[in-house]
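The file my_file.txt comes next; it holds compact mmCIF, C-alpha atoms (C1' of nucleotides).
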# COMPACT_ATOMS: atom_id res chain seq x y z
CA MET A 1449 23.06 -137.38 30.64
CA LYS A 1450 21.15 -134.13 30.47
CA GLN A 1451 18.65 -133.89 27.67
CA LYS A 1452 19.09 -131.36 24.92
CA LYS A 1453 17.42 -128.06 25.46
CA GLN A 1454 14.37 -128.30 23.36
CA LEU A 1455 12.88 -125.44 21.42
CA LEU A 1456 9.22 -124.76 20.86
CA THR A 1457 7.64 -125.22 17.46
CA GLU A 1458 5.73 -122.34 15.87
CA VAL A 1459 2.27 -123.04 17.23
CA GLU A 1460 3.63 -124.11 20.54
CA LEU A 1461 5.41 -120.79 20.86
CA GLU A 1462 2.27 -118.91 19.96
CA LEU A 1463 0.30 -120.60 22.70
CA MET A 1464 3.12 -120.28 25.21
CA ASN A 1465 3.33 -116.56 24.51
CA ILE A 1466 -0.27 -116.27 25.54
CA LEU A 1467 0.16 -118.48 28.55
CA TRP A 1468 3.07 -116.36 29.72
CA LYS A 1469 0.78 -113.35 29.56
CA LEU A 1470 -2.01 -115.11 31.38
CA GLU A 1471 0.25 -116.68 33.96
CA LYS A 1472 -2.34 -119.39 34.26
CA GLY A 1473 -5.14 -120.37 31.96
CA SER A 1474 -7.36 -122.98 30.44
CA VAL A 1475 -7.51 -123.90 26.77
CA ARG A 1476 -10.57 -121.69 26.54
CA ASN A 1477 -8.78 -118.73 28.13
CA ILE A 1478 -5.96 -119.08 25.68
CA LEU A 1479 -8.17 -119.46 22.64
CA GLU A 1480 -10.13 -116.37 23.52
CA HIS A 1481 -7.18 -114.20 24.39
CA LYS A 1482 -7.02 -111.06 22.31
CA SER A 1483 -3.53 -111.83 21.07
CA MET A 1484 -4.55 -115.21 19.71
CA LYS A 1485 -4.18 -114.73 16.01
CA ARG A 1486 -4.25 -118.26 14.68
CA ASP A 1487 -7.72 -119.58 14.04
CA LEU A 1488 -7.50 -122.91 15.79
CA ALA A 1489 -10.25 -125.36 16.55
CA TYR A 1490 -10.74 -125.84 20.26
CA THR A 1491 -9.53 -129.41 20.07
CA SER A 1492 -6.40 -128.36 18.20
CA ALA A 1493 -5.47 -125.91 20.91
CA ALA A 1494 -6.20 -128.55 23.51
CA THR A 1495 -3.90 -130.96 21.71
CA ILE A 1496 -1.07 -128.45 21.66
CA MET A 1497 -1.54 -127.77 25.35
CA ARG A 1498 -1.30 -131.47 26.08
CA ILE A 1499 1.86 -131.69 24.03
CA LEU A 1500 3.37 -128.74 25.88
CA GLU A 1501 2.74 -130.53 29.12
CA GLN A 1502 4.31 -133.73 27.82
CA LYS A 1503 7.34 -131.73 26.80
CA LYS A 1504 7.47 -130.25 30.30
CA PHE A 1505 6.96 -126.67 29.23
CA THR A 1506 3.81 -126.50 31.30
CA LYS A 1507 2.07 -128.16 34.19
CA SER A 1508 -1.62 -128.29 34.78
CA SER A 1509 -4.03 -128.54 37.63
CA LYS A 1510 -7.61 -129.61 37.29
CA VAL A 1511 -10.47 -127.51 38.59
CA GLY A 1512 -13.84 -129.06 37.98
CA ASN A 1513 -13.26 -130.85 34.74
CA THR A 1514 -11.00 -128.34 33.17
CA PHE A 1515 -7.25 -128.09 33.20
CA TYR A 1516 -5.49 -124.89 34.05
CA TYR A 1517 -2.02 -124.64 32.68
CA HIS A 1518 0.95 -122.65 33.83
CA ALA A 1519 4.43 -122.40 32.38
CA THR A 1520 7.24 -124.24 34.11
CA LEU A 1521 9.85 -122.13 32.34
CA SER A 1522 9.78 -118.36 32.40
CA LYS A 1523 9.65 -116.51 29.13
CA GLU A 1524 13.00 -114.96 30.00
CA ASP A 1525 14.58 -118.35 30.46
CA TYR A 1526 13.13 -119.57 27.23
CA GLN A 1527 14.35 -116.47 25.44
CA ALA A 1528 17.83 -117.13 26.76
CA ARG A 1529 17.61 -120.72 25.63
CA HIS A 1530 16.51 -119.72 22.18
CA LEU A 1531 19.21 -117.10 21.83
CA ASN A 1532 21.77 -119.58 22.97
CA ASN A 1533 20.56 -121.94 20.31
CA ILE A 1534 20.76 -119.49 17.45
CA SER A 1535 24.06 -118.19 18.69
CA GLU A 1536 25.32 -121.73 18.12
CA LYS A 1537 23.55 -122.45 14.90
CA LEU A 1538 23.77 -119.13 13.13
CA PHE A 1539 26.41 -117.01 14.84
CA ASP A 1540 29.25 -119.48 15.31
CA ASN A 1541 28.92 -119.17 19.05
CA THR A 1542 29.78 -115.51 19.12
CA PRO A 1543 26.83 -113.86 20.79
CA LEU A 1544 28.50 -110.52 20.50
CA SER A 1545 28.04 -110.70 16.76
CA MET A 1546 24.32 -111.01 17.33
CA VAL A 1547 24.35 -107.60 18.90
CA ALA A 1548 26.50 -106.28 16.10
CA ARG A 1549 23.95 -107.57 13.63
CA LEU A 1550 21.12 -105.84 15.44
CA ILE A 1551 22.99 -102.60 15.37
CA ASP A 1552 24.16 -102.81 11.78
CA ASP A 1553 20.74 -103.79 10.59
CA GLY A 1554 19.18 -100.82 12.31
CA GLN A 1555 16.94 -102.94 14.47
CA LEU A 1556 18.07 -101.03 17.53
CA SER A 1557 16.86 -97.45 17.47
CA LYS A 1558 19.01 -94.55 18.57
CA LYS A 1559 17.08 -94.50 21.76
CA ASP A 1560 17.73 -98.21 22.24
CA ILE A 1561 21.41 -97.65 21.74
CA LYS A 1562 21.47 -94.87 24.26
CA GLU A 1563 19.67 -97.03 26.79
CA LEU A 1564 21.98 -99.87 26.09
CA LYS A 1565 24.99 -97.67 26.75
CA ASP A 1566 23.52 -96.68 30.08
CA THR A 1567 22.83 -100.26 31.00
CA LEU A 1568 26.33 -101.29 30.17
CA ASN A 1569 27.81 -98.49 32.18
CA ASN A 1570 25.89 -99.59 35.19
CA ILE A 1571 26.88 -103.20 35.26
CA GLN A 1572 30.60 -102.89 35.59
CA LYS A 1573 32.27 -99.62 36.14
CA MET B 1326 2.85 -107.79 -2.60
CA LYS B 1327 6.22 -108.73 -1.19
CA GLN B 1328 6.48 -112.29 -0.02
CA LYS B 1329 7.11 -113.06 3.60
CA LYS B 1330 10.70 -113.36 4.61
CA GLN B 1331 11.25 -117.02 4.77
CA LEU B 1332 13.47 -118.75 7.27
CA LEU B 1333 15.64 -121.76 6.66
CA THR B 1334 14.79 -125.13 8.13
CA GLU B 1335 17.37 -126.97 10.23
CA VAL B 1336 19.13 -128.94 7.51
CA GLU B 1337 18.87 -126.11 5.09
CA LEU B 1338 20.64 -123.87 7.57
CA GLU B 1339 23.34 -126.43 8.12
CA LEU B 1340 24.09 -126.63 4.42
CA MET B 1341 23.87 -122.88 3.96
CA ASN B 1342 26.36 -122.37 6.77
CA ILE B 1343 28.81 -124.46 4.83
CA LEU B 1344 28.03 -122.75 1.57
CA TRP B 1345 28.63 -119.37 3.17
CA LYS B 1346 32.06 -120.60 4.20
CA LEU B 1347 32.84 -122.00 0.77
CA GLU B 1348 31.48 -119.01 -1.10
CA LYS B 1349 30.80 -121.40 -3.94
CA GLY B 1350 30.60 -125.15 -4.00
CA SER B 1351 29.14 -128.32 -5.40
CA VAL B 1352 27.12 -130.85 -3.46
CA ARG B 1353 30.29 -132.88 -3.15
CA ASN B 1354 32.25 -129.93 -1.78
CA ILE B 1355 29.60 -129.31 0.82
CA LEU B 1356 29.27 -132.94 1.85
CA GLU B 1357 32.98 -133.26 2.35
CA HIS B 1358 33.48 -130.01 4.18
CA LYS B 1359 35.03 -130.51 7.59
CA SER B 1360 32.19 -128.74 9.37
CA MET B 1361 29.58 -131.05 7.86
CA LYS B 1362 28.35 -132.90 10.89
CA ARG B 1363 25.16 -134.50 9.66
CA ASP B 1364 25.68 -137.83 7.95
CA LEU B 1365 23.67 -137.29 4.81
CA ALA B 1366 23.48 -139.43 1.73
CA TYR B 1367 24.77 -137.66 -1.34
CA THR B 1368 21.33 -137.58 -2.88
CA SER B 1369 19.82 -136.10 0.26
CA ALA B 1370 22.27 -133.23 0.23
CA ALA B 1371 21.59 -132.76 -3.47
CA THR B 1372 17.87 -132.59 -2.76
CA ILE B 1373 18.36 -129.92 -0.12
CA MET B 1374 20.53 -127.91 -2.46
CA ARG B 1375 17.84 -128.06 -5.10
CA ILE B 1376 15.26 -126.91 -2.58
CA LEU B 1377 17.47 -124.04 -1.50
CA GLU B 1378 17.67 -122.93 -5.09
CA GLN B 1379 13.89 -123.17 -5.50
CA LYS B 1380 13.50 -121.05 -2.41
CA LYS B 1381 15.93 -118.52 -3.91
CA PHE B 1382 18.53 -118.81 -1.20
CA THR B 1383 21.06 -119.95 -3.78
CA LYS B 1384 21.76 -119.87 -7.45
CA SER B 1385 23.77 -122.38 -9.39
CA SER B 1386 25.91 -122.55 -12.46
CA LYS B 1387 26.78 -125.72 -14.25
CA VAL B 1388 30.34 -126.69 -15.01
CA GLY B 1389 30.62 -129.96 -16.86
CA ASN B 1390 27.71 -131.85 -15.46
CA THR B 1391 27.91 -130.56 -11.95
CA PHE B 1392 26.21 -127.61 -10.35
CA TYR B 1393 28.10 -125.09 -8.33
CA TYR B 1394 25.99 -123.19 -5.89
CA HIS B 1395 26.46 -119.80 -4.33
CA ALA B 1396 24.31 -117.97 -1.81
CA THR B 1397 22.12 -115.15 -3.05
CA LEU B 1398 21.74 -113.77 0.47
CA SER B 1399 24.70 -113.02 2.68
CA LYS B 1400 24.96 -114.71 6.03
CA GLU B 1401 24.78 -111.29 7.65
CA ASP B 1402 21.53 -110.50 5.89
CA TYR B 1403 20.10 -113.82 6.86
CA GLN B 1404 21.18 -113.32 10.44
CA ALA B 1405 19.41 -109.98 10.47
CA ARG B 1406 16.32 -111.58 8.99
CA HIS B 1407 16.32 -114.30 11.58
CA LEU B 1408 16.84 -111.89 14.45
CA ASN B 1409 14.07 -109.73 13.15
CA ASN B 1410 11.83 -112.76 13.12
CA ILE B 1411 12.52 -113.81 16.67
CA SER B 1412 12.32 -110.26 17.86
CA GLU B 1413 8.74 -110.37 16.60
CA LYS B 1414 7.85 -113.83 17.73
CA LEU B 1415 9.60 -114.04 21.05
CA PHE B 1416 10.54 -110.54 22.17
CA ASP B 1417 7.38 -108.58 21.43
CA ASN B 1418 9.23 -106.50 18.89
CA THR B 1419 11.63 -105.06 21.40
CA PRO B 1420 15.05 -105.98 20.07
CA LEU B 1421 16.66 -104.19 22.95
CA SER B 1422 15.31 -106.83 25.26
CA MET B 1423 17.19 -109.40 23.26
CA VAL B 1424 20.40 -107.76 24.22
CA ALA B 1425 19.25 -107.51 27.81
CA ARG B 1426 18.61 -111.22 27.77
CA LEU B 1427 22.06 -111.96 26.44
CA ILE B 1428 23.59 -109.90 29.18
CA ASP B 1429 21.44 -111.22 32.00
CA ASP B 1430 21.98 -114.77 30.92
CA GLY B 1431 25.71 -114.30 30.91
CA GLN B 1432 26.05 -115.15 27.25
CA LEU B 1433 28.13 -112.04 26.72
CA SER B 1434 31.47 -112.27 28.46
CA LYS B 1435 33.04 -109.34 30.28
CA LYS B 1436 35.28 -108.89 27.33
CA ASP B 1437 32.29 -108.86 25.01
CA ILE B 1438 30.65 -106.23 27.12
CA LYS B 1439 33.73 -104.09 27.06
CA GLU B 1440 33.95 -104.40 23.31
CA LEU B 1441 30.31 -103.62 22.96
CA LYS B 1442 30.74 -100.44 24.99
CA ASP B 1443 33.53 -99.37 22.70
CA THR B 1444 31.49 -100.09 19.63
CA LEU B 1445 28.59 -98.11 20.93
CA ASN B 1446 30.76 -95.17 21.80
CA ASN B 1447 32.06 -95.06 18.30
CA ILE B 1448 28.82 -95.05 16.40
CA GLN B 1449 27.27 -91.88 17.68
CA LYS B 1450 29.14 -89.48 19.82
C1' DT C 367 34.77 -147.44 -27.42
C1' DG C 368 33.10 -149.36 -23.55
C1' DA C 369 33.32 -149.90 -18.46
C1' DT C 370 33.01 -147.35 -14.40
C1' DG C 371 31.94 -143.59 -11.65
C1' DT C 372 29.69 -139.18 -10.63
C1' DC C 373 26.04 -136.19 -11.37
C1' DT C 374 21.07 -134.53 -11.80
C1' DA C 375 16.05 -135.36 -11.90
C1' DC C 376 12.43 -137.50 -10.18
C1' DT C 377 10.11 -140.11 -6.85
C1' DA C 378 9.04 -142.03 -2.59
C1' DA C 379 9.41 -143.26 2.14
C1' DA C 380 10.00 -141.84 6.92
C1' DT C 381 9.44 -138.61 10.41
C1' DA C 382 7.78 -134.32 12.58
C1' DA C 383 4.38 -130.73 13.09
C1' DT C 384 -0.22 -129.05 12.66
C1' DT C 385 -5.03 -129.41 12.67
C1' DA C 386 -9.29 -131.29 13.92
C1' DG C 387 -12.86 -134.95 14.54
C1' DT C 388 -15.34 -138.47 17.55
C1' DA C 389 -16.54 -140.45 21.87
C1' DG C 390 -17.24 -140.40 26.40
C1' DA C 391 -17.02 -137.96 30.91
C1' DT C 392 -18.28 -134.25 33.73
C1' DA C 393 -20.71 -130.06 34.83
C1' DA C 394 -24.50 -126.68 34.81
C1' DG C 395 -29.09 -125.02 34.13
C1' DC C 396 -33.56 -125.87 34.32
C1' DG D 1304 -33.05 -136.06 36.96
C1' DC D 1305 -32.79 -134.72 32.18
C1' DT D 1306 -30.82 -131.84 28.50
C1' DT D 1307 -27.30 -129.22 26.84
C1' DA D 1308 -22.59 -127.28 27.19
C1' DT D 1309 -17.94 -128.00 27.78
C1' DC D 1310 -14.11 -130.60 28.63
C1' DT D 1311 -10.48 -134.36 28.02
C1' DA D 1312 -8.63 -138.45 25.66
C1' DC D 1313 -7.74 -140.66 21.79
C1' DT D 1314 -7.23 -140.99 17.00
C1' DA D 1315 -6.61 -139.61 12.44
C1' DA D 1316 -5.81 -136.72 8.52
C1' DT D 1317 -3.00 -133.20 6.46
C1' DT D 1318 1.02 -130.77 5.57
C1' DA D 1319 5.99 -129.83 6.10
C1' DT D 1320 10.51 -131.57 6.59
C1' DT D 1321 14.09 -134.84 6.11
C1' DT D 1322 16.15 -138.63 4.03
C1' DA D 1323 17.43 -141.52 0.34
C1' DG D 1324 16.64 -144.65 -3.67
C1' DT D 1325 16.34 -145.42 -8.84
C1' DA D 1326 17.13 -144.15 -13.53
C1' DG D 1327 19.26 -141.95 -16.97
C1' DA D 1328 22.80 -138.45 -18.58
C1' DC D 1329 27.32 -137.33 -18.88
C1' DA D 1330 32.29 -137.78 -18.11
C1' DT D 1331 36.63 -140.10 -17.61
C1' DC D 1332 40.04 -143.07 -18.71
C1' DA D 1333 42.05 -147.36 -19.90

How does this structure look as structure tokens?
Amino acid sequence: MKQKKQLLTEVELELMNILWKLEKGSVRNILEHKSMKRDLAYTSAATIMRILEQKKFTKSSKVGNTFYYHATLSKEDYQARHLNNISEKLFDNTPLSMVARLIDDGQLSKKDIKELKDTLNNIQK
Amino acid sequence: MKQKKQLLTEVELELMNILWKLEKGSVRNILEHKSMKRDLAYTSAATIMRILEQKKFTKSSKVGNTFYYHATLSKEDYQARHLNNISEKLFDNTPLSMVARLIDDGQLSKKDIKELKDTLNNIQK
DNA sequence: TGATGTCTACTAAATAATTAGTAGATAAGC
DNA sequence: GCTTATCTACTAATTATTTAGTAGACATCA
């Protein structure tokens, strides 16, 4: 009875992105991080961090009276989860078509494509 | 002053997916489509369709007293838009890493990878 | 024509997501 | 030890999303 693989909401993702950069950080650390673009009240950020812990995306440890959070899921794993989700919901479960879309839409540069070729050649001769 | 490229919400996407299959359809057509999994009341589906039109994802034409909707944005274009969005929000604007994630996570089968190689070889010698 | 059914328009209720305030606890500086 | 800062916990308000009801228009067909 495994639970469905949950996705992050917008704000949650924004804070997680910062936490992944920090590796470990308090609400304050996150709020003051240079890549924090949203103008959140301290208590709002604290609320989100509590929610993220409830949802098991983070764990915390207390030092003095402040909580330090760290992610329990790597960004890479979350990326994979998210891609898997949109592959289902938007690409009829054909992940290859996601790549096709990136190429057709010009989101992959020529350089990207060259690199990608190299990568592919190295994984299975 | 171009407006931000809006994404579909969950239900909206579900109905759009059906509309993209139908090419053109009424609320009834959509509700009764075999791939309609959500158990929505007729009026709920009608509300979503109205919202989608407000948001410019569809246009409608009236035949008798019923509206027939069609998408104003192709599924491919929406896919590209969505990928572009998550590339920004989750992949630090490096779409190539999205592909890397698909590969590393095993979401692309061996066959997919072979096909992808072929595709890449054909686009720029 | 009139009874019945289907459709839209409007409204509202329920739920989820986002934001932030208040109170009380703990810590830190003097 | 007091005063001031900062922190968590709890609560609440706001906004977005999802769902569906009610009313009236229109259509169909016996």

I'd like to know which of B:Glu1440, B:Asp1417, B:Glu1348, B:Glu1335 is closest to chain D, using only C-alpha atoms (C1' of nucleotides).
B:Glu1335

What are the closest atom pairs, with distances in Å to one decimal, for each residue of chain A lying within 10 Å of chain B, using all atoms listed in the file, rows by chain and rising residue number, as a Markdown table?
| residue | atom | partner | partner_atom | distance |
| --- | --- | --- | --- | --- |
| A:Glu1458 | CA | B:Lys1414 | CA | 9.0 |
| A:Leu1461 | CA | B:Leu1415 | CA | 7.9 |
| A:Glu1462 | CA | B:Lys1414 | CA | 7.9 |
| A:Met1464 | CA | B:Leu1415 | CA | 9.9 |
| A:Asn1465 | CA | B:Leu1415 | CA | 7.6 |
| A:Lys1523 | CA | B:Leu1415 | CA | 8.4 |
| A:Glu1524 | CA | B:Arg1426 | CA | 7.1 |
| A:Asp1525 | CA | B:Asp1430 | CA | 8.2 |
| A:Tyr1526 | CA | B:Leu1415 | CA | 9.0 |
| A:Gln1527 | CA | B:Leu1415 | CA | 6.9 |
| A:Ala1528 | CA | B:Arg1426 | CA | 6.0 |
| A:Arg1529 | CA | B:Asp1430 | CA | 9.1 |
| A:His1530 | CA | B:Ile1411 | CA | 9.0 |
| A:Leu1531 | CA | B:Leu1427 | CA | 7.5 |
| A:Asn1532 | CA | B:Gln1432 | CA | 7.5 |
| A:Ile1534 | CA | B:His1407 | CA | 9.0 |
| A:Ser1535 | CA | B:Gln1432 | CA | 9.3 |
| A:Lys1537 | CA | B:Glu1339 | CA | 7.9 |
| A:Leu1538 | CA | B:Gln1404 | CA | 6.9 |
| A:Phe1539 | CA | B:Gln1404 | CA | 7.8 |
| A:Asp1540 | CA | B:Asn1342 | CA | 9.5 |
| A:Asn1541 | CA | B:Gln1432 | CA | 9.6 |
| A:Thr1542 | CA | B:Leu1433 | CA | 8.5 |
| A:Pro1543 | CA | B:Leu1433 | CA | 6.3 |
| A:Leu1544 | CA | B:Asp1437 | CA | 6.1 |
| A:Ser1545 | CA | B:Asp1437 | CA | 9.5 |
| A:Met1546 | CA | B:Gln1404 | CA | 7.9 |
| A:Val1547 | CA | B:Val1424 | CA | 6.6 |
| A:Ala1548 | CA | B:Leu1441 | CA | 8.3 |
| A:Arg1549 | CA | B:Ala1405 | CA | 6.0 |
| A:Leu1550 | CA | B:Ala1405 | CA | 6.7 |
| A:Ile1551 | CA | B:Leu1445 | CA | 9.1 |
| A:Asp1552 | CA | B:Ala1405 | CA | 8.7 |
| A:Asp1553 | CA | B:Ala1405 | CA | 6.3 |
| A:Gly1554 | CA | B:Ala1405 | CA | 9.3 |
| A:Gln1555 | CA | B:Pro1420 | CA | 6.6 |
| A:Leu1556 | CA | B:Pro1420 | CA | 6.3 |
| A:Ser1557 | CA | B:Leu1421 | CA | 8.7 |
| A:Lys1558 | CA | B:Gln1449 | CA | 8.7 |
| A:Lys1559 | CA | B:Leu1421 | CA | 9.8 |
| A:Asp1560 | CA | B:Leu1421 | CA | 6.1 |
| A:Ile1561 | CA | B:Leu1445 | CA | 7.2 |
| A:Lys1562 | CA | B:Leu1445 | CA | 8.5 |
| A:Glu1563 | CA | B:Leu1421 | CA | 8.7 |
| A:Leu1564 | CA | B:Leu1421 | CA | 7.5 |
| A:Lys1565 | CA | B:Lys1442 | CA | 6.6 |
| A:Asp1566 | CA | B:Lys1442 | CA | 9.6 |
| A:Thr1567 | CA | B:Ala1425 | CA | 8.7 |
| A:Leu1568 | CA | B:Lys1442 | CA | 6.9 |
| A:Asn1569 | CA | B:Lys1442 | CA | 8.0 |
| A:Ile1571 | CA | B:Ile1438 | CA | 9.5 |
| A:Gln1572 | CA | B:Lys1435 | CA | 8.7 |

Fewer than 2 positions away in the same chain doesn't count, so skip those; otherwise give me all residues within 12 Å of DC373 (chain C), counting all atoms listed in the file, as a short mmCIF file (atom, residue, chain, number, x, y, z; two decimals) with C-alpha atoms (C1' of nucleotides), in the frame of the given file.
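Full text of part_32.cif as output:
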data_model
loop_
_atom_site.label_atom_id
_atom_site.label_comp_id
_atom_site.auth_asym_id
_atom_site.auth_seq_id
_atom_site.Cartn_x
_atom_site.Cartn_y
_atom_site.Cartn_z
CA SER B 1351 29.14 -128.32 -5.40
CA VAL B 1352 27.12 -130.85 -3.46
CA ARG B 1353 30.29 -132.88 -3.15
CA TYR B 1367 24.77 -137.66 -1.34
CA THR B 1368 21.33 -137.58 -2.88
CA ALA B 1371 21.59 -132.76 -3.47
CA LYS B 1387 26.78 -125.72 -14.25
CA VAL B 1388 30.34 -126.69 -15.01
CA GLY B 1389 30.62 -129.96 -16.86
CA ASN B 1390 27.71 -131.85 -15.46
CA THR B 1391 27.91 -130.56 -11.95
CA PHE B 1392 26.21 -127.61 -10.35
CA TYR B 1393 28.10 -125.09 -8.33
"C1'" DG C 371 31.94 -143.59 -11.65
"C1'" DA C 375 16.05 -135.36 -11.90
"C1'" DG D 1327 19.26 -141.95 -16.97
"C1'" DA D 1328 22.80 -138.45 -18.58
"C1'" DC D 1329 27.32 -137.33 -18.88
"C1'" DA D 1330 32.29 -137.78 -18.11
#

Would you pick out the contacts of region 380-396 of chain C at 9 Å or less, using only C-alpha atoms (C1' of nucleotides), so that residues sharing its chain but fewer than 6 positions from it are not included, and give the list as a count of residues only?
28

Which of these, A:Leu1456, A:Met1484, A:Leu1479, A:Ile1466, has the shortest distance to chain C once you count all atoms listed in the file?
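Among the listed residues, A:Leu1456 lies closest to chain C.
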
Ranking A:Ser1522, A:Thr1495, A:Asn1570, A:Thr1506 by minimum distance to chain C and counting only C-alpha atoms (C1' of nucleotides), which one comes first?
A:Thr1495

Take CA of Met1374 (chain B) and C1' of DT1331 (chain D) and report the distance between them in Å, one decimal.
25.2 Å

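Going from CA of Ala1396 (chain B) over to CA of Lys1362 (chain B), you cover 20.0 Å.
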
Which of these, B:Lys1329, B:His1395, B:Asp1364, B:Ile1373, has the shortest distance to Gly1350 (chain B) once you count only C-alpha atoms?
B:His1395

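You can rank A:Phe1505, A:Lys1482, A:Leu1455, A:Arg1498 by their closest distance to chain D using only C-alpha atoms (C1' of nucleotides), and at the top of that list sits A:Arg1498.
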
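CA of Glu1536 (chain A) is positioned 24.3 Å from CA of Thr1520 (chain A).
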
Hey, could you pull the box centre and edge lengths for region 374-378 of chain C, axis-aligned, 6 Å padding per side, all listed atoms, to one decimal in Å, as JSON?
{"center_x": 15.1, "center_y": -138.3, "center_z": -7.2, "size_x": 24.0, "size_y": 19.5, "size_z": 21.3}

Closest of A:Glu1460, A:Leu1467, A:Lys1453, A:Ser1508 to chain C, counting all atoms listed in the file, is A:Glu1460
